[in-house]
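Notes follow the structure.
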2 protein chains.
Amino acid sequence: MPRLNTDTRAEIRTVALELFSEQGYEQTSLREIAERLGITKAALYYHFSSKSVLLGELVHPLIDELRAMADRMGESGFTDPRAIVEEYFDLCFRYRQVFIGLLNDVHVRRELELVEAMIHWRERVDAVLVGSDAPADRVRSVVALGGLQDTIILFPDVPAAELRAAAVDAAMRALLPETAGTPAAKGAIASE
Amino acid sequence: MPRLNTDTRAEIRTVALELFSEQGYEQTSLREIAERLGITKAALYYHFSSKSVLLGELVHPLIDELRAMADRMGESGFTDPRAIVEEYFDLCFRYRQVFIGLLNDVHVRRELELVEAMIHWRERVDAVLVGSDAPADRVRSVVALGGLQDTIILFPDVPAAELRAAAVDAAMRALLPETAGTPAAKGAIASE
DNA sequence: GTCTATAGGATGATAGAC
DNA sequence: GTCTATCATCCTATAGAC
């Protein structure tokens, strides 16, 4: 019989994200998800045609937002490094459960062909952040954004505002060209 | 019959590391490993008592070295931030296949109880690198070391020396306290 | 050291009743 | 929408022959 007053589809997504994040995608069976909801695997298949489709619905919103962010850069005047770094932090933070639990999962990256997408995204962002596509320069951007992400994973209990301020600050310094130490070196970057 | 002129045990380790890195630990079956070596699963079990033990033999050397590095800090005079960051880069680089392929695998981290180990390690290293255990300060260390790791993953084709120079440099800047821009702020850190 | 054969179990997915 | 029952497939691991 139908369960009362519930949006089963949404509940499945919620439980799936929880379990995928905790245990990994492959290590979580549809049986587990169904059991926690008090339904059967077959009912689950009524709502999602496959395990992979369920995964996609969890991850795609983040991917889409990342893509939209990259699109907005370059086109419009969205080129201020600090603004970009801050927005990237906010995006990672908003989707932190997906970020931590799913984007780091080997199988998820394979299944959704995420590696190429992310590399491509990074290339575009790096170019704007350090104004170069030479590896020696892009390294700075990778340290900045990669390090930024890690703070969200490693400090789940630090208040968001405090974390954001400290992390963005450190990331901005990582972005500075090698001749750093001279605050005026790149105007908007070095100033606060 | 025994295969000629081969060290099967070592070959298993090599092939396992390759496949685990490419596909993830759980996604790689012992059948696959055995097939690639031209032996059977049963032979594999002769050399390694379980899949988990095989995994442990691949990962433990790295864990041990990380631990040894943390032990050397504090005790002896091994406290120069740049030296620590450089050694951390070298360690990550030397074990990059394990680092990229296994430490990022959810199931591996679970199975080897790696999360607590890594968090503990980071706490000790952070304290030496930024001289504080306040989150606002530790963030700098996390950005520095986390970002450093990412460069190894994202730039597999950049010559090691070039990568190291650029990555360590960016990481060192991320470590600077918020009042950065004044090169003399922390002596050895800011100078090159 | 390596083999064949198999136990024992979990999994994703489907068919068809209600 | 949810169920029961089942399929086909894969897995880790073991027993015992050679």
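Chain labels A, B, ... are given in the sequence in which chains occur in the structure tokens; within each chain residues are numbered consecutively from 1, and ligands are likewise numbered from 1 in the order shown.
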
Within 12 Å of A:Ser52, counting only C-alpha atoms (C1' of nucleotides), which residues qualify if same-chain residues fewer than 4 places away don't, as a PyMOL selection string? (chain A and resi 16+20+25-26+29-30+45+48+56-60+107-112) or (chain C and resi 12)

Could you tell me which residues of chain D sit within 10 Å of chain B when counting only C-alpha atoms (C1' of nucleotides), and give me the result as number ranges by chain? D: 10-14, 18

Prev. selection, N, CA, C and O atoms (P, O5', C5', C4', C3', O3' and C1' of nucleotides), output as a JSON list (two decimals), in the first residue's frame:
```
[["chain", "number", "residue", "atom", "x", "y", "z"],
["D", 10, "DC", "P", 29.38, -11.78, -15.05],
["D", 10, "DC", "O5'", 30.12, -11.58, -13.65],
["D", 10, "DC", "C5'", 30.04, -10.30, -13.04],
["D", 10, "DC", "C4'", 30.12, -10.45, -11.54],
["D", 10, "DC", "C3'", 31.40, -11.10, -11.04],
["D", 10, "DC", "O3'", 32.40, -10.09, -10.87],
["D", 10, "DC", "C1'", 29.45, -11.68, -9.73],
["D", 11, "DC", "P", 33.86, -10.54, -10.41],
["D", 11, "DC", "O5'", 33.71, -10.72, -8.83],
["D", 11, "DC", "C5'", 33.26, -9.62, -8.03],
["D", 11, "DC", "C4'", 33.01, -10.13, -6.65],
["D", 11, "DC", "C3'", 34.19, -10.88, -6.06],
["D", 11, "DC", "O3'", 35.07, -9.95, -5.46],
["D", 11, "DC", "C1'", 32.10, -12.00, -5.59],
["D", 12, "DT", "P", 36.54, -10.37, -5.13],
["D", 12, "DT", "O5'", 36.39, -11.15, -3.73],
["D", 12, "DT", "C5'", 35.92, -10.46, -2.58],
["D", 12, "DT", "C4'", 35.72, -11.48, -1.46],
["D", 12, "DT", "C3'", 37.03, -12.13, -0.98],
["D", 12, "DT", "O3'", 37.04, -12.14, 0.45],
["D", 12, "DT", "C1'", 35.46, -13.80, -1.60],
["D", 13, "DA", "P", 38.43, -12.56, 1.21],
["D", 13, "DA", "O5'", 38.25, -14.14, 1.35],
["D", 13, "DA", "C5'", 37.07, -14.63, 1.99],
["D", 13, "DA", "C4'", 36.97, -16.14, 1.79],
["D", 13, "DA", "C3'", 38.28, -16.90, 2.05],
["D", 13, "DA", "O3'", 38.13, -17.66, 3.24],
["D", 13, "DA", "C1'", 37.10, -17.70, 0.12],
["D", 14, "DT", "P", 39.31, -18.60, 3.79],
["D", 14, "DT", "O5'", 38.89, -20.01, 3.20],
["D", 14, "DT", "C5'", 37.55, -20.46, 3.42],
["D", 14, "DT", "C4'", 37.37, -21.83, 2.82],
["D", 14, "DT", "C3'", 38.49, -22.83, 3.13],
["D", 14, "DT", "O3'", 37.89, -24.04, 3.55],
["D", 14, "DT", "C1'", 38.09, -22.77, 0.82],
["D", 18, "DC", "P", 44.87, -36.57, -8.38],
["D", 18, "DC", "O5'", 46.06, -35.59, -8.74],
["D", 18, "DC", "C5'", 46.04, -34.81, -9.92],
["D", 18, "DC", "C4'", 47.28, -33.94, -9.94],
["D", 18, "DC", "C3'", 48.60, -34.70, -9.88],
["D", 18, "DC", "O3'", 49.21, -34.67, -11.17],
["D", 18, "DC", "C1'", 48.62, -32.70, -8.54]]
```

For stretch 113-121 of chain A, find every residue with an atom within 9 Å (counting only C-alpha atoms (C1' of nucleotides)), except residues of its own chain fewer than 4 positions away, and show them as a ChimeraX atom specification. /A:63,66-67,70,103,108-109,125-126 /B:154

Any chance you could export the current selection's N, CA, C and O atoms as a short mmCIF file (atom, residue, chain, number, x, y, z; two decimals), in the first residue's frame?
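Okay, part.cif is ready:
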```cif
data_model
loop_
_atom_site.label_atom_id
_atom_site.label_comp_id
_atom_site.auth_asym_id
_atom_site.auth_seq_id
_atom_site.Cartn_x
_atom_site.Cartn_y
_atom_site.Cartn_z
N ILE A 63 27.38 19.63 -10.59
CA ILE A 63 28.11 19.78 -11.86
C ILE A 63 27.56 20.94 -12.67
O ILE A 63 28.32 21.75 -13.22
N LEU A 66 28.69 24.23 -11.25
CA LEU A 66 30.10 24.48 -11.53
C LEU A 66 30.26 24.97 -12.97
O LEU A 66 31.00 25.92 -13.25
N ARG A 67 29.53 24.32 -13.86
CA ARG A 67 29.60 24.70 -15.27
C ARG A 67 29.08 26.13 -15.47
O ARG A 67 29.69 26.94 -16.17
N ALA A 70 31.64 28.60 -14.38
CA ALA A 70 32.71 28.75 -15.37
C ALA A 70 32.23 29.57 -16.57
O ALA A 70 32.99 30.38 -17.11
N LEU A 103 32.16 13.07 -4.99
CA LEU A 103 33.15 13.46 -5.98
C LEU A 103 34.50 12.80 -5.72
O LEU A 103 35.35 12.72 -6.59
N VAL A 108 32.27 6.66 -8.77
CA VAL A 108 31.35 7.73 -9.17
C VAL A 108 31.98 8.54 -10.30
O VAL A 108 31.33 8.83 -11.31
N ARG A 109 33.24 8.88 -10.13
CA ARG A 109 33.91 9.67 -11.16
C ARG A 109 33.92 8.92 -12.49
O ARG A 109 33.69 9.50 -13.55
N VAL A 125 39.01 27.89 -15.24
CA VAL A 125 39.09 28.71 -14.03
C VAL A 125 40.52 29.14 -13.76
O VAL A 125 40.79 30.30 -13.43
N ASP A 126 41.44 28.19 -13.90
CA ASP A 126 42.84 28.51 -13.66
C ASP A 126 43.29 29.68 -14.54
O ASP A 126 44.00 30.58 -14.08
N LEU B 154 46.99 16.41 -10.26
CA LEU B 154 46.51 17.10 -11.47
C LEU B 154 47.58 17.35 -12.52
O LEU B 154 47.26 17.65 -13.66
#
```

Please find the residues of chain C near chain B - the criterion being any atom within 8 Å, counting only C-alpha atoms (C1' of nucleotides) - and write them as a compact mmCIF listing (two decimals) with all heavy atoms, in the first residue's frame.
```
# COMPACT_ATOMS: atom_id res chain seq x y z
P DG C 1 57.27 -20.87 -3.35
OP1 DG C 1 57.91 -19.66 -3.23
OP2 DG C 1 56.80 -21.69 -2.23
O5' DG C 1 56.18 -20.88 -4.51
C5' DG C 1 55.30 -21.98 -4.56
C4' DG C 1 54.80 -22.11 -5.96
O4' DG C 1 54.18 -23.39 -6.12
C3' DG C 1 53.72 -21.08 -6.28
O3' DG C 1 53.71 -20.98 -7.71
C2' DG C 1 52.48 -21.76 -5.75
C1' DG C 1 52.75 -23.22 -6.06
N9 DG C 1 52.24 -24.21 -5.06
C8 DG C 1 52.14 -24.08 -3.71
N7 DG C 1 51.66 -25.15 -3.12
C5 DG C 1 51.44 -26.05 -4.15
C6 DG C 1 50.93 -27.37 -4.15
O6 DG C 1 50.58 -28.06 -3.18
N1 DG C 1 50.88 -27.91 -5.43
C2 DG C 1 51.28 -27.26 -6.57
N2 DG C 1 51.17 -27.92 -7.71
N3 DG C 1 51.75 -26.00 -6.58
C4 DG C 1 51.80 -25.46 -5.34
P DT C 2 52.89 -19.83 -8.46
OP1 DT C 2 53.73 -19.39 -9.60
OP2 DT C 2 52.46 -18.87 -7.44
O5' DT C 2 51.62 -20.58 -9.06
C5' DT C 2 51.85 -21.60 -10.01
C4' DT C 2 50.67 -22.53 -10.07
O4' DT C 2 50.54 -23.28 -8.84
C3' DT C 2 49.29 -21.88 -10.24
O3' DT C 2 48.89 -21.91 -11.62
C2' DT C 2 48.36 -22.70 -9.36
C1' DT C 2 49.24 -23.82 -8.86
N1 DT C 2 48.88 -24.28 -7.49
C2 DT C 2 48.32 -25.52 -7.34
O2 DT C 2 48.11 -26.28 -8.26
N3 DT C 2 47.99 -25.87 -6.05
C4 DT C 2 48.16 -25.08 -4.93
O4 DT C 2 47.82 -25.50 -3.82
C5 DT C 2 48.76 -23.79 -5.16
C7 DT C 2 48.98 -22.86 -4.01
C6 DT C 2 49.08 -23.44 -6.42
P DC C 3 47.36 -21.53 -11.98
OP1 DC C 3 47.37 -21.20 -13.42
OP2 DC C 3 46.88 -20.54 -11.01
O5' DC C 3 46.55 -22.90 -11.76
C5' DC C 3 46.72 -23.95 -12.71
C4' DC C 3 45.93 -25.17 -12.29
O4' DC C 3 46.27 -25.49 -10.91
C3' DC C 3 44.42 -24.96 -12.27
O3' DC C 3 43.88 -25.36 -13.54
C2' DC C 3 43.95 -25.89 -11.17
C1' DC C 3 45.16 -26.10 -10.28
N1 DC C 3 45.01 -25.47 -8.93
C2 DC C 3 44.43 -26.23 -7.90
O2 DC C 3 44.02 -27.38 -8.14
N3 DC C 3 44.31 -25.68 -6.66
C4 DC C 3 44.76 -24.43 -6.44
N4 DC C 3 44.64 -23.94 -5.20
C5 DC C 3 45.35 -23.65 -7.48
C6 DC C 3 45.45 -24.21 -8.69
```

Pick out the chain A residues within 7 Å of chain B. Count only C-alpha atoms. Give them as an mmCIF file with C-alpha atoms, in the first residue's frame.
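Produced file part_11.cif, reproduced below:
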```
data_model
loop_
_atom_site.group_PDB
_atom_site.id
_atom_site.type_symbol
_atom_site.label_atom_id
_atom_site.label_comp_id
_atom_site.auth_asym_id
_atom_site.auth_seq_id
_atom_site.Cartn_x
_atom_site.Cartn_y
_atom_site.Cartn_z
ATOM 1 C CA GLN A 23 29.982 4.140 2.677
ATOM 2 C CA GLY A 24 30.680 4.961 -0.916
ATOM 3 C CA ASN A 104 35.948 11.640 -4.171
ATOM 4 C CA ASP A 105 34.569 8.259 -5.052
ATOM 5 C CA VAL A 106 36.556 6.549 -7.811
ATOM 6 C CA HIS A 107 33.576 4.661 -9.108
ATOM 7 C CA ALA A 136 54.103 26.563 -13.369
ATOM 8 C CA VAL A 139 49.966 25.157 -9.943
ATOM 9 C CA ARG A 140 49.170 28.217 -7.873
ATOM 10 C CA VAL A 142 45.412 24.298 -8.024
ATOM 11 C CA VAL A 143 46.956 24.786 -4.602
ATOM 12 C CA ALA A 144 44.484 27.569 -3.874
ATOM 13 C CA GLY A 146 42.367 22.317 -3.942
ATOM 14 C CA GLY A 147 43.397 23.516 -0.511
ATOM 15 C CA LEU A 148 40.159 25.433 -0.194
ATOM 16 C CA ASP A 150 40.085 20.378 1.829
ATOM 17 C CA THR A 151 39.209 22.844 4.547
ATOM 18 C CA LEU A 163 36.179 29.013 7.942
ATOM 19 C CA ALA A 166 40.472 32.028 6.834
ATOM 20 C CA ALA A 167 40.356 29.638 3.873
ATOM 21 C CA ALA A 170 45.052 31.465 2.547
ATOM 22 C CA ALA A 171 43.909 30.568 -0.952
ATOM 23 C CA ARG A 173 47.965 34.135 -0.899
ATOM 24 C CA ALA A 174 48.645 30.871 -2.699
ATOM 25 C CA LEU A 175 47.501 32.585 -5.874
ATOM 26 C CA GLY A 181 55.679 39.764 -0.557
ATOM 27 C CA THR A 182 55.122 42.981 -2.437
ATOM 28 C CA PRO A 183 51.470 43.652 -1.686
#
```

Near stretch 15-18 of chain C, within 12 Å and counting only C-alpha atoms (C1' of nucleotides), which residues show up once chain neighbours fewer than 3 positions away are dropped, as a list in words? Met1 and Ala42 of chain A; DG1, DT2, DC3, DT4, DA5, DT6 and DC7 of chain D

Could you give me, as a list in words, the residues within 12 Å of D:DA8, counting only C-alpha atoms (C1' of nucleotides) and dropping anything in the same chain fewer than 5 positions from it?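 Listing them by chain and then by number gives DT11, DG12, DA13 and DT14 of chain C.
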
Would you put the residues from that selection into a file with N, CA, C and O atoms (P, O5', C5', C4', C3', O3' and C1' of nucleotides), as a PDB file, in the first residue's frame?
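Writing done, so here's selection-v9.pdb:
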```
ATOM      1  P    DT C  11      24.039  -6.608  -0.791  1.00  0.00           P
ATOM      2  O5'  DT C  11      24.140  -6.512  -2.378  1.00  0.00           O
ATOM      3  C5'  DT C  11      25.418  -6.448  -3.002  1.00  0.00           C
ATOM      4  C4'  DT C  11      25.193  -6.394  -4.510  1.00  0.00           C
ATOM      5  C3'  DT C  11      23.949  -5.570  -4.835  1.00  0.00           C
ATOM      6  O3'  DT C  11      24.309  -4.423  -5.581  1.00  0.00           O
ATOM      7  C1'  DT C  11      23.940  -7.664  -5.992  1.00  0.00           C
ATOM      8  P    DG C  12      23.200  -3.230  -5.656  1.00  0.00           P
ATOM      9  O5'  DG C  12      22.773  -3.379  -7.185  1.00  0.00           O
ATOM     10  C5'  DG C  12      23.763  -3.262  -8.193  1.00  0.00           C
ATOM     11  C4'  DG C  12      23.152  -3.647  -9.529  1.00  0.00           C
ATOM     12  C3'  DG C  12      21.925  -2.823  -9.913  1.00  0.00           C
ATOM     13  O3'  DG C  12      21.982  -2.533 -11.311  1.00  0.00           O
ATOM     14  C1'  DG C  12      21.334  -5.108  -9.787  1.00  0.00           C
ATOM     15  P    DA C  13      20.841  -1.593 -11.923  1.00  0.00           P
ATOM     16  O5'  DA C  13      19.728  -2.647 -12.362  1.00  0.00           O
ATOM     17  C5'  DA C  13      20.076  -3.598 -13.373  1.00  0.00           C
ATOM     18  C4'  DA C  13      18.949  -4.600 -13.506  1.00  0.00           C
ATOM     19  C3'  DA C  13      17.569  -3.995 -13.812  1.00  0.00           C
ATOM     20  O3'  DA C  13      17.203  -4.347 -15.144  1.00  0.00           O
ATOM     21  C1'  DA C  13      17.449  -5.771 -12.213  1.00  0.00           C
ATOM     22  P    DT C  14      15.835  -3.807 -15.750  1.00  0.00           P
ATOM     23  O5'  DT C  14      14.868  -5.060 -15.522  1.00  0.00           O
ATOM     24  C5'  DT C  14      15.293  -6.328 -15.987  1.00  0.00           C
ATOM     25  C4'  DT C  14      14.204  -7.352 -15.742  1.00  0.00           C
ATOM     26  C3'  DT C  14      12.796  -6.908 -16.152  1.00  0.00           C
ATOM     27  O3'  DT C  14      12.228  -7.968 -16.924  1.00  0.00           O
ATOM     28  C1'  DT C  14      12.775  -7.710 -13.934  1.00  0.00           C
TER      29       DT C  14
END
```

Give me the residues within 8 Å of B:Thr79 as an NGL selection string, counting only C-alpha atoms (C1' of nucleotides) and dropping any in the same chain fewer than 5 places off. :B and (73-74 or 84 or 128-129)

How would you write, as a PyMOL selection string, the set of residues in chain A that DSSP gives as helix (DSSP H, G or I)? chain A and resi 8-23+30-37+41-47+51-75+81-94+96-101+106-111+114-130+135-154+160-175+183-186

Interatomic distance between atom CA of B:Pro81 and atom CA of B:Val130?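 Atom CA of B:Val130 lies at a distance of 8.4 Å from atom CA of B:Pro81.
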
Tell me, in Å to one decimal, how far atom CA of A:Arg124 is from atom CA of A:Ala68.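 Here the two named atoms are 12.1 Å from each other.
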
Provide the atom CA of B:Val53 to atom CA of B:Phe99 distance in Å, to one decimal place. 17.9 Å
